[in-house]
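Have a look at entry.tsv; it's TSV, C-alpha atoms and all ligand atoms:
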```
chain	number	residue	atom	x	y	z
U	1	MET	CA	-140.54	-22.66	90.27
U	2	ASP	CA	-143.99	-22.81	91.84
U	3	ILE	CA	-142.74	-20.33	94.47
U	4	PHE	CA	-143.48	-17.59	91.93
U	5	SER	CA	-146.96	-18.91	91.16
U	6	LEU	CA	-150.00	-16.80	92.14
U	7	ASN	CA	-152.53	-19.47	91.25
U	8	GLY	CA	-155.64	-19.20	93.41
U	9	LYS	CA	-154.78	-15.71	94.64
U	10	VAL	CA	-156.93	-12.56	94.33
U	11	ALA	CA	-154.94	-9.39	93.62
U	12	LEU	CA	-156.21	-5.80	93.81
U	13	VAL	CA	-154.21	-3.11	92.02
U	14	THR	CA	-155.35	0.41	92.79
U	15	GLY	CA	-155.26	2.95	89.97
U	16	GLY	CA	-154.74	0.05	87.60
U	17	SER	CA	-156.23	1.43	84.35
U	18	TYR	CA	-152.90	2.21	82.71
U	19	GLY	CA	-149.21	2.80	83.33
U	20	ILE	CA	-147.35	1.03	86.11
U	21	GLY	CA	-150.54	-0.34	87.67
U	22	PHE	CA	-151.65	-1.91	84.40
U	23	ALA	CA	-148.24	-3.52	83.89
U	24	ILE	CA	-148.12	-4.91	87.42
U	25	ALA	CA	-151.71	-6.19	87.21
U	26	SER	CA	-150.92	-7.87	83.89
U	27	ALA	CA	-147.86	-9.56	85.41
U	28	LEU	CA	-149.80	-10.80	88.41
U	29	ALA	CA	-152.45	-12.22	86.08
U	30	GLU	CA	-149.78	-13.91	83.94
U	31	ALA	CA	-148.46	-15.50	87.16
U	32	GLY	CA	-151.92	-16.94	87.84
U	33	ALA	CA	-153.66	-14.36	90.02
U	34	ARG	CA	-157.31	-13.36	89.63
U	35	VAL	CA	-156.87	-9.61	89.18
U	36	VAL	CA	-159.21	-6.77	90.07
U	37	PHE	CA	-158.47	-3.06	89.80
U	38	ASN	CA	-160.04	0.26	90.61
U	39	ASP	CA	-159.65	3.75	89.32
U	40	LEU	CA	-160.95	7.22	89.99
U	41	ASN	CA	-163.85	7.35	87.53
U	42	GLN	CA	-165.87	5.24	85.11
U	43	VAL	CA	-164.05	6.54	82.04
U	44	LEU	CA	-160.71	5.35	83.42
U	45	VAL	CA	-162.20	2.02	84.50
U	46	ASP	CA	-163.82	1.47	81.10
U	47	ASN	CA	-160.57	2.35	79.32
U	48	GLY	CA	-158.77	-0.05	81.62
U	49	LEU	CA	-161.28	-2.85	81.01
U	50	ALA	CA	-160.81	-2.40	77.27
U	51	ALA	CA	-157.02	-2.52	77.62
U	52	TYR	CA	-157.11	-5.67	79.76
U	53	SER	CA	-159.55	-7.28	77.34
U	54	LYS	CA	-157.24	-6.46	74.42
U	55	ALA	CA	-154.45	-8.16	76.38
U	56	ASP	CA	-156.76	-11.14	76.96
U	57	ILE	CA	-156.63	-10.64	80.75
U	58	LYS	CA	-159.82	-11.33	82.74
U	59	VAL	CA	-160.32	-8.59	85.34
U	60	ASN	CA	-163.03	-6.85	87.32
U	61	GLY	CA	-162.92	-3.06	87.43
U	62	TYR	CA	-164.36	-0.81	90.14
U	63	VAL	CA	-164.81	2.94	90.46
U	64	CYS	CA	-163.40	4.01	93.81
U	65	ASP	CA	-161.60	7.07	95.16
U	66	VAL	CA	-158.96	5.47	97.39
U	67	THR	CA	-158.94	8.53	99.68
U	68	ASP	CA	-162.60	7.89	100.59
U	69	GLU	CA	-162.63	5.38	103.45
U	70	ALA	CA	-166.32	4.53	103.11
U	71	ALA	CA	-165.94	3.98	99.37
U	72	VAL	CA	-162.90	1.77	99.96
U	73	GLN	CA	-164.77	-0.32	102.52
U	74	ALA	CA	-167.70	-0.72	100.11
U	75	MET	CA	-165.38	-1.69	97.23
U	76	VAL	CA	-163.49	-4.28	99.29
U	77	THR	CA	-166.79	-5.79	100.48
U	78	GLN	CA	-168.02	-5.94	96.87
U	79	ILE	CA	-164.78	-7.57	95.70
U	80	GLU	CA	-165.00	-10.17	98.49
U	81	GLU	CA	-168.59	-10.96	97.45
U	82	GLU	CA	-167.95	-11.01	93.69
U	83	VAL	CA	-164.42	-12.44	93.46
U	84	GLY	CA	-163.03	-13.41	96.86
U	85	VAL	CA	-160.86	-12.24	99.75
U	86	ILE	CA	-157.97	-10.04	98.60
U	87	ASP	CA	-154.68	-11.92	99.03
U	88	ILE	CA	-152.46	-9.31	97.34
U	89	LEU	CA	-152.90	-5.53	97.57
U	90	VAL	CA	-150.85	-3.25	95.33
U	91	ASN	CA	-151.13	0.39	96.43
U	92	ASN	CA	-150.37	1.92	93.05
U	93	ALA	CA	-152.84	4.82	92.75
U	94	GLY	CA	-150.96	8.07	92.89
U	95	MET	CA	-150.67	11.69	91.94
U	96	ILE	CA	-147.99	14.35	91.74
U	97	LYS	CA	-148.03	18.13	91.63
U	98	ARG	CA	-144.79	19.78	90.51
U	99	ILE	CA	-144.91	23.22	92.18
U	100	PRO	CA	-142.10	25.16	93.93
U	101	MET	CA	-142.77	24.65	97.63
U	102	THR	CA	-143.20	28.29	98.55
U	103	GLU	CA	-145.77	28.61	95.73
U	104	MET	CA	-147.68	25.46	96.68
U	105	SER	CA	-150.91	25.86	98.62
U	106	ALA	CA	-151.48	23.81	101.76
U	107	GLU	CA	-154.55	22.40	100.00
U	108	ASP	CA	-152.46	21.10	97.11
U	109	PHE	CA	-149.92	19.65	99.53
U	110	ARG	CA	-152.70	17.88	101.42
U	111	LYS	CA	-154.22	16.51	98.18
U	112	VAL	CA	-150.96	14.83	97.19
U	113	VAL	CA	-150.37	13.39	100.65
U	114	ASP	CA	-153.99	12.22	100.75
U	115	VAL	CA	-153.62	10.10	97.61
U	116	ASP	CA	-149.99	8.99	97.96
U	117	LEU	CA	-149.87	8.29	101.71
U	118	ASN	CA	-153.26	8.43	103.44
U	119	ALA	CA	-154.92	6.24	100.80
U	120	PRO	CA	-152.39	3.36	101.10
U	121	PHE	CA	-153.10	3.48	104.86
U	122	ILE	CA	-156.86	3.32	104.25
U	123	MET	CA	-156.47	0.51	101.71
U	124	ALA	CA	-154.18	-1.54	103.94
U	125	LYS	CA	-156.28	-1.18	107.11
U	126	THR	CA	-159.34	-2.24	105.10
U	127	VAL	CA	-157.89	-5.42	103.58
U	128	ILE	CA	-155.73	-6.62	106.51
U	129	PRO	CA	-158.56	-8.07	108.70
U	130	SER	CA	-159.65	-10.49	105.95
U	131	MET	CA	-156.03	-11.32	105.15
U	132	VAL	CA	-155.49	-12.22	108.80
U	133	LYS	CA	-158.58	-14.44	108.87
U	134	LYS	CA	-157.32	-16.18	105.72
U	135	GLY	CA	-153.90	-16.82	107.23
U	136	GLY	CA	-151.81	-14.11	105.59
U	137	GLY	CA	-151.37	-11.79	102.65
U	138	LYS	CA	-149.10	-9.52	100.63
U	139	ILE	CA	-149.12	-5.72	100.53
U	140	ILE	CA	-146.97	-3.94	97.95
U	141	ASN	CA	-146.69	-0.15	98.22
U	142	ILE	CA	-145.48	1.66	95.12
U	143	CYS	CA	-142.80	3.98	96.44
U	144	SER	CA	-140.42	6.15	94.43
U	145	MET	CA	-136.93	7.60	94.06
U	146	MET	CA	-138.54	10.32	96.15
U	147	SER	CA	-138.83	7.85	99.00
U	148	GLU	CA	-135.07	8.42	99.31
U	149	LEU	CA	-134.24	11.63	97.46
U	150	GLY	CA	-135.65	15.13	97.10
U	151	ARG	CA	-135.69	17.55	94.23
U	152	GLU	CA	-137.16	20.92	93.39
U	153	THR	CA	-140.95	21.22	93.00
U	154	VAL	CA	-141.96	17.82	94.42
U	155	SER	CA	-142.05	18.53	98.17
U	156	ALA	CA	-145.51	17.04	98.73
U	157	TYR	CA	-144.80	13.98	96.63
U	158	ALA	CA	-141.44	13.32	98.32
U	159	ALA	CA	-142.97	13.78	101.78
U	160	ALA	CA	-145.74	11.34	100.89
U	161	LYS	CA	-143.49	8.73	99.28
U	162	GLY	CA	-141.02	9.02	102.16
U	163	GLY	CA	-143.89	8.45	104.53
U	164	LEU	CA	-145.06	5.51	102.42
U	165	LYS	CA	-141.64	3.89	102.89
U	166	MET	CA	-142.06	4.11	106.67
U	167	LEU	CA	-145.72	3.03	106.55
U	168	THR	CA	-144.47	-0.04	104.64
U	169	LYS	CA	-141.96	-0.81	107.39
U	170	ASN	CA	-144.56	-0.27	110.09
U	171	ILE	CA	-147.15	-2.57	108.51
U	172	ALA	CA	-144.40	-5.18	108.17
U	173	SER	CA	-143.56	-4.73	111.86
U	174	GLU	CA	-147.14	-4.78	113.14
U	175	PHE	CA	-148.49	-7.70	111.10
U	176	GLY	CA	-145.48	-9.86	110.22
U	177	HIS	CA	-146.36	-12.36	112.95
U	178	LEU	CA	-149.74	-12.87	111.20
U	179	ASN	CA	-147.99	-13.92	107.98
U	180	ILE	CA	-148.56	-10.61	106.23
U	181	GLN	CA	-145.60	-9.34	104.24
U	182	CYS	CA	-145.60	-5.65	103.37
U	183	ASN	CA	-142.89	-4.41	101.03
U	184	GLY	CA	-142.31	-1.44	98.78
U	185	LEU	CA	-141.58	-1.38	95.08
U	186	GLY	CA	-139.61	1.75	94.17
U	187	PRO	CA	-139.62	2.50	90.45
U	188	GLY	CA	-136.98	4.83	89.07
U	189	TYR	CA	-137.95	7.16	86.25
U	190	ILE	CA	-140.46	5.24	84.14
U	191	GLU	CA	-142.05	6.07	80.79
U	192	THR	CA	-145.67	6.75	81.75
U	193	PRO	CA	-148.07	9.68	81.21
U	194	GLN	CA	-147.06	10.97	84.65
U	195	THR	CA	-143.49	11.59	83.49
U	196	ALA	CA	-144.36	12.60	79.93
U	197	PRO	CA	-143.81	16.32	80.64
U	198	LEU	CA	-140.24	15.50	81.75
U	199	ARG	CA	-139.51	13.55	78.56
U	200	GLU	CA	-140.60	16.15	76.02
U	201	PRO	CA	-137.99	16.59	73.25
U	202	GLY	CA	-135.26	18.92	74.41
U	203	HIS	CA	-136.48	18.99	78.02
U	204	PRO	CA	-133.30	19.30	80.13
U	205	PHE	CA	-134.67	16.80	82.63
U	206	ASN	CA	-134.46	14.02	80.03
U	207	ASN	CA	-130.68	14.34	79.64
U	208	PHE	CA	-130.37	14.83	83.41
U	209	ILE	CA	-132.07	11.53	84.18
U	210	LEU	CA	-130.08	9.64	81.54
U	211	ALA	CA	-126.87	10.99	83.14
U	212	LYS	CA	-128.10	9.85	86.56
U	213	THR	CA	-129.07	6.37	85.40
U	214	PRO	CA	-126.30	3.76	84.90
U	215	ALA	CA	-128.68	1.87	82.57
U	216	ASN	CA	-128.67	5.09	80.50
U	217	ARG	CA	-132.35	4.79	79.69
U	218	TRP	CA	-135.76	5.59	81.16
U	219	GLY	CA	-137.45	2.64	82.77
U	220	ARG	CA	-140.28	0.83	81.06
U	221	THR	CA	-143.37	-0.44	82.88
U	222	ASP	CA	-142.38	-3.98	81.84
U	223	ASP	CA	-139.23	-3.58	84.00
U	224	LEU	CA	-141.49	-3.74	87.04
U	225	LYS	CA	-143.28	-6.98	86.18
U	226	GLY	CA	-140.76	-9.46	87.57
U	227	PRO	CA	-140.10	-7.60	90.83
U	228	ALA	CA	-143.84	-7.25	91.39
U	229	VAL	CA	-144.47	-10.98	90.91
U	230	PHE	CA	-141.58	-11.72	93.29
U	231	LEU	CA	-143.02	-9.51	96.04
U	232	ALA	CA	-146.55	-10.89	95.48
U	233	SER	CA	-145.48	-14.56	95.55
U	234	PRO	CA	-144.39	-17.15	98.12
U	235	ALA	CA	-140.84	-16.53	96.86
U	236	SER	CA	-140.78	-13.45	99.12
U	237	ASP	CA	-142.42	-14.96	102.23
U	238	PHE	CA	-139.37	-14.05	104.35
U	239	VAL	CA	-138.94	-10.59	102.82
U	240	ASN	CA	-140.73	-7.99	104.93
U	241	GLY	CA	-140.41	-4.22	105.27
U	242	HIS	CA	-138.09	-4.05	102.28
U	243	ILE	CA	-138.17	-1.41	99.57
U	244	LEU	CA	-137.15	-3.03	96.28
U	245	TYR	CA	-135.88	-0.26	94.00
U	246	VAL	CA	-136.22	-0.89	90.27
U	247	ASP	CA	-134.31	2.17	89.09
U	248	GLY	CA	-131.59	1.06	86.66
U	249	GLY	CA	-129.05	1.97	89.36
U	250	ILE	CA	-129.98	5.60	90.02
U	251	LEU	CA	-129.72	5.31	93.80
U	252	ALA	CA	-126.26	3.71	93.51
U	253	TYR	CA	-124.78	6.30	91.14
U	254	ILE	CA	-123.36	9.81	91.66
U	255	GLY	CA	-124.09	10.53	88.01
U	256	LYS	CA	-122.12	10.73	84.78
U	257	GLN	CA	-119.49	13.45	84.90
U	258	PRO	CA	-120.34	16.32	82.51
K	301	LIG	P1	-150.14	7.87	87.93
K	301	LIG	O1	-150.29	9.01	87.00
K	301	LIG	O2	-149.37	8.08	89.15
K	301	LIG	O3	-151.63	7.41	88.37
K	301	LIG	C1	-151.94	6.08	88.65
K	301	LIG	C2	-153.44	5.94	88.59
K	301	LIG	O4	-153.99	6.30	89.88
K	301	LIG	C3	-154.14	6.84	87.56
K	301	LIG	O5	-155.08	6.10	86.84
K	301	LIG	C4	-154.79	7.88	88.45
K	301	LIG	O6	-155.93	8.49	87.90
K	301	LIG	C5	-155.17	7.04	89.63
K	301	LIG	N1	-155.60	7.83	90.79
K	301	LIG	C6	-155.19	9.07	91.16
K	301	LIG	N2	-155.83	9.47	92.27
K	301	LIG	C7	-156.68	8.46	92.61
K	301	LIG	C8	-157.64	8.27	93.65
K	301	LIG	N3	-157.88	9.22	94.58
K	301	LIG	N4	-158.35	7.11	93.68
K	301	LIG	C9	-158.15	6.15	92.74
K	301	LIG	N5	-157.25	6.27	91.72
K	301	LIG	C10	-156.53	7.41	91.68
K	301	LIG	O7	-149.57	6.62	87.10
K	301	LIG	P2	-148.09	6.00	87.00
K	301	LIG	O8	-147.11	6.99	86.48
K	301	LIG	O9	-148.31	4.70	86.33
K	301	LIG	O10	-147.63	5.74	88.53
K	301	LIG	C11	-148.23	4.70	89.26
K	301	LIG	C12	-147.61	4.73	90.65
K	301	LIG	O11	-146.19	4.64	90.53
K	301	LIG	C13	-147.88	6.02	91.41
K	301	LIG	O12	-148.01	5.74	92.79
K	301	LIG	C14	-146.61	6.83	91.16
K	301	LIG	O13	-146.40	7.80	92.19
K	301	LIG	C15	-145.58	5.76	91.20
K	301	LIG	N6	-144.32	6.03	90.53
K	301	LIG	C16	-144.32	6.44	89.23
K	301	LIG	C17	-143.09	6.61	88.59
K	301	LIG	C18	-142.99	7.04	87.15
K	301	LIG	O14	-141.87	7.34	86.72
K	301	LIG	N7	-144.09	7.08	86.41
K	301	LIG	C19	-141.91	6.35	89.27
K	301	LIG	C20	-141.97	5.97	90.61
K	301	LIG	C21	-143.20	5.80	91.22
K	301	LIG	P3	-155.72	9.77	86.96
K	301	LIG	O15	-155.33	9.25	85.61
K	301	LIG	O16	-157.06	10.49	86.95
K	301	LIG	O17	-154.64	10.63	87.59
K	302	LIG	C1	-140.45	13.76	89.18
K	302	LIG	C2	-140.96	12.43	88.72
K	302	LIG	C3	-140.65	11.36	89.77
K	302	LIG	C4	-141.18	10.04	89.30
K	302	LIG	C5	-140.87	8.97	90.28
K	302	LIG	C6	-139.39	8.77	90.46
K	302	LIG	O1	-141.13	14.77	88.92
K	302	LIG	O2	-139.36	13.78	89.78
K	302	LIG	O3	-142.36	12.48	88.49
K	302	LIG	O4	-141.22	11.72	90.97
K	302	LIG	O5	-142.56	10.09	89.15
K	302	LIG	O6	-141.53	9.12	91.49
K	302	LIG	O7	-139.21	7.58	91.19
```

Translate this structure into structure tokens?
Amino acid sequence: MDIFSLNGKVALVTGGSYGIGFAIASALAEAGARVVFNDLNQVLVDNGLAAYSKADIKVNGYVCDVTDEAAVQAMVTQIEEEVGVIDILVNNAGMIKRIPMTEMSAEDFRKVVDVDLNAPFIMAKTVIPSMVKKGGGKIINICSMMSELGRETVSAYAAAKGGLKMLTKNIASEFGHLNIQCNGLGPGYIETPQTAPLREPGHPFNNFILAKTPANRWGRTDDLKGPAVFLASPASDFVNGHILYVDGGILAYIGKQP
């Protein structure tokens, strides 16, 4: 099953200090990739380096705000000099603001779109030229249930993740002939710090999500490891512009009757 091997590949996971990014980066490393990650500040990067070291995973960590095009260009250049050309990009860095739309400022809306949509664009346009020179590459955009569905208070996030779905399809369309595959990975509701407020004991959202999920559980970051390795590996060389949802069946299910 060498088609799932990432031996000899360099993988960059943005926002990879913890959570989904950490799990995906760990899986790519276990499949043989040389993993690097970035995060927003040195504290996060240092915490991430400690976590990877504890897991016996060799990584390089970089401080970089993925919304800052100049910083992204400098980071990618540094990675190419220190590690090698990026073969696999995972656009994982993200943010969410849960605010009723009519109470949300345009500035807050723009901040969410900047991280969740504009940054994956910046990251992809920065790594694609070297991928093309090398003969191909893999781009995995971390989408969401909100790439397909809306709900109260997450208008900016849903708009961004919906846009990220279409950016994924457009990158696939524009660069598929150059052997670049760009796909989305769409987690359902996963146990990470980002969803911790929704999982507080007694929070109505917890029971709501369990009733909407055929698997009748919240997802775990480990649930994303196999799908991520698949999309990063030669096993998916003819999969392009696809959003692979890892949601326990949420998108297939009307929900448990009360
Ligand atoms: P997260 O809270 O979304 O954050 C991921 C990482 O990105 C954090 O370390 C975060 O730093 C960092 N980050 C934020 N803005 C950044 C920027 N401008 N530059 C660089 N790094 C930045 O973590 P998560 O819950 O593991 O989610 C990871 C991805 O999966 C996100 O794209 C999220 O939207 C998506 N997702 C999550 C779920 C879920 O249920 N958790 C489900 C579907 C999709 P900070 O710690 O400072 O914020
Ligand atoms: C929310 C949650 C979701 C998850 C994820 C679902 O407030 O609805 O944060 O948005 O983070 O994106 O796939």

Nearby polymer residues, ligand LIG 302 (chain K), at most 8 Å, only C-alpha atoms and all ligand atoms, as a PDB file with C-alpha atoms, in the coordinates of the input:
```pdb
ATOM      1  CA  ILE U  96    -147.990  14.350  91.740  1.00  0.00           C
ATOM      2  CA  ARG U  98    -144.790  19.780  90.510  1.00  0.00           C
ATOM      3  CA  CYS U 143    -142.800   3.980  96.440  1.00  0.00           C
ATOM      4  CA  SER U 144    -140.420   6.150  94.430  1.00  0.00           C
ATOM      5  CA  MET U 145    -136.930   7.600  94.060  1.00  0.00           C
ATOM      6  CA  MET U 146    -138.540  10.320  96.150  1.00  0.00           C
ATOM      7  CA  SER U 147    -138.830   7.850  99.000  1.00  0.00           C
ATOM      8  CA  ARG U 151    -135.690  17.550  94.230  1.00  0.00           C
ATOM      9  CA  THR U 153    -140.950  21.220  93.000  1.00  0.00           C
ATOM     10  CA  VAL U 154    -141.960  17.820  94.420  1.00  0.00           C
ATOM     11  CA  TYR U 157    -144.800  13.980  96.630  1.00  0.00           C
ATOM     12  CA  ALA U 158    -141.440  13.320  98.320  1.00  0.00           C
ATOM     13  CA  GLY U 186    -139.610   1.750  94.170  1.00  0.00           C
ATOM     14  CA  PRO U 187    -139.620   2.500  90.450  1.00  0.00           C
ATOM     15  CA  GLY U 188    -136.980   4.830  89.070  1.00  0.00           C
ATOM     16  CA  TYR U 189    -137.950   7.160  86.250  1.00  0.00           C
ATOM     17  CA  ILE U 190    -140.460   5.240  84.140  1.00  0.00           C
ATOM     18  CA  GLN U 194    -147.060  10.970  84.650  1.00  0.00           C
ATOM     19  CA  THR U 195    -143.490  11.590  83.490  1.00  0.00           C
ATOM     20  CA  LEU U 198    -140.240  15.500  81.750  1.00  0.00           C
ATOM     21  CA  ASP U 247    -134.310   2.170  89.090  1.00  0.00           C
TER      22      ASP U 247
END
```

**Request:** Name the residues in contact with Asn60 of chain U at a cut-off of 10 Å, using only C-alpha atoms, excluding same-chain residues fewer than 5 positions from it; report them as a list in words.
**Result:** Leu12, Arg34, Val35, Val36, Phe37, Asn38, Val45, Gly48, Leu49, Tyr52, Ile79, Glu82 and Val83 of chain U

**Request:** Using only C-alpha atoms, find the one residue out of U:Val63, U:Ala172, U:Leu231, U:Val13 that sits nearest to Gln78 of chain U.
**Result:**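 The closest residue to Gln78 of chain U is U:Val63.
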
All file atoms of segment 155-169 of chain U boxed axis-aligned, 4 Å per side, centre plus edges, as lines of an AutoDock Vina configuration file:
```
center_x = -143.4
center_y = 8.9
center_z = 102.0
size_x = 12.7
size_y = 27.3
size_z = 18.8
```

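Residue nearest Trp218 of chain U, chosen from U:Lys9, U:His242, U:Arg199, U:Lys133 and counting only C-alpha atoms: U:Arg199.
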
**For atom CA of Val115 of chain U and atom N3 of ligand LIG 301 (chain K), the interatomic separation in Å (one decimal)** =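 Between these atoms lies a distance of 5.3 Å.
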
**Request:** For atom CA of Ala11 of chain U and atom CA of Met166 of chain U, determine how far apart the two atoms are, in Å to one decimal place.
**Result:**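 Here the two named atoms are 22.8 Å from each other.
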
**Request:** Compare U:Leu40, U:Ile3, U:Cys182, U:Val239 by their minimum atom-to-atom distance to ligand LIG 301 (chain K), counting all atoms listed in the file, and give me the closest one.
**Result:** U:Leu40

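Minimum atom-to-atom distances from U:Val85, U:Leu164, U:Ile99, U:Ala74 to ligand LIG 301 (chain K) were compared using all atoms listed in the file, and the lowest value belongs to U:Leu164.
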
**Request:** Could you check how far atom CA of Leu44 of chain U sits from atom CA of Ser5 of chain U, in Å to one decimal?
**Result:**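 That distance, rounded to one decimal, is 28.9 Å.
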
Subset file: segment 70-97 of chain U, N, CA and C atoms, as a short mmCIF file (atom, residue, chain, number, x, y, z; two decimals), in the first residue's frame:
```cif
data_model
loop_
_atom_site.label_atom_id
_atom_site.label_comp_id
_atom_site.auth_asym_id
_atom_site.auth_seq_id
_atom_site.Cartn_x
_atom_site.Cartn_y
_atom_site.Cartn_z
N ALA U 70 3.28 39.12 2.73
CA ALA U 70 4.75 39.23 2.77
C ALA U 70 5.34 38.22 3.76
N ALA U 71 4.66 38.06 4.90
CA ALA U 71 5.13 37.10 5.90
C ALA U 71 5.04 35.68 5.36
N VAL U 72 3.97 35.39 4.63
CA VAL U 72 3.80 34.06 4.05
C VAL U 72 4.90 33.78 3.02
N GLN U 73 5.17 34.76 2.18
CA GLN U 73 6.24 34.59 1.19
C GLN U 73 7.58 34.35 1.87
N ALA U 74 7.85 35.08 2.94
CA ALA U 74 9.12 34.92 3.66
C ALA U 74 9.20 33.54 4.31
N MET U 75 8.07 33.09 4.90
CA MET U 75 8.05 31.78 5.55
C MET U 75 8.27 30.66 4.53
N VAL U 76 7.58 30.73 3.41
CA VAL U 76 7.72 29.68 2.39
C VAL U 76 9.16 29.63 1.87
N THR U 77 9.77 30.80 1.65
CA THR U 77 11.17 30.85 1.21
C THR U 77 12.08 30.21 2.26
N GLN U 78 11.82 30.52 3.55
CA GLN U 78 12.63 29.96 4.62
C GLN U 78 12.48 28.44 4.69
N ILE U 79 11.24 27.97 4.54
CA ILE U 79 10.99 26.52 4.56
C ILE U 79 11.73 25.84 3.40
N GLU U 80 11.66 26.45 2.22
CA GLU U 80 12.33 25.86 1.05
C GLU U 80 13.84 25.79 1.27
N GLU U 81 14.39 26.81 1.94
CA GLU U 81 15.84 26.82 2.22
C GLU U 81 16.21 25.82 3.31
N GLU U 82 15.38 25.73 4.35
CA GLU U 82 15.73 24.92 5.52
C GLU U 82 15.30 23.46 5.39
N VAL U 83 14.20 23.21 4.68
CA VAL U 83 13.64 21.85 4.65
C VAL U 83 13.51 21.35 3.21
N GLY U 84 12.90 22.17 2.35
CA GLY U 84 12.68 21.75 0.97
C GLY U 84 11.40 22.32 0.42
N VAL U 85 11.17 22.12 -0.87
CA VAL U 85 9.94 22.59 -1.52
C VAL U 85 8.73 21.90 -0.88
N ILE U 86 7.69 22.68 -0.66
CA ILE U 86 6.46 22.16 -0.05
C ILE U 86 5.68 21.34 -1.08
N ASP U 87 5.51 20.05 -0.78
CA ASP U 87 4.75 19.16 -1.67
C ASP U 87 3.27 19.10 -1.28
N ILE U 88 3.01 19.31 0.02
CA ILE U 88 1.65 19.17 0.55
C ILE U 88 1.35 20.40 1.41
N LEU U 89 0.32 21.13 1.07
CA LEU U 89 -0.12 22.27 1.88
C LEU U 89 -1.48 21.95 2.49
N VAL U 90 -1.56 22.07 3.81
CA VAL U 90 -2.85 21.92 4.50
C VAL U 90 -3.25 23.28 5.06
N ASN U 91 -4.27 23.90 4.47
CA ASN U 91 -4.76 25.18 4.96
C ASN U 91 -5.71 24.93 6.11
N ASN U 92 -5.15 24.87 7.30
CA ASN U 92 -5.90 24.53 8.51
C ASN U 92 -6.17 25.73 9.41
N ALA U 93 -5.27 26.72 9.39
CA ALA U 93 -5.45 27.88 10.29
C ALA U 93 -6.84 28.46 10.13
N GLY U 94 -7.46 28.79 11.24
CA GLY U 94 -8.82 29.30 11.15
C GLY U 94 -9.24 30.06 12.38
N MET U 95 -10.37 30.74 12.23
CA MET U 95 -10.98 31.40 13.38
C MET U 95 -12.48 31.45 13.18
N ILE U 96 -13.20 31.68 14.25
CA ILE U 96 -14.65 31.81 14.19
C ILE U 96 -15.07 32.88 15.18
N LYS U 97 -16.09 33.63 14.81
CA LYS U 97 -16.71 34.56 15.77
C LYS U 97 -18.20 34.24 15.74
#
```
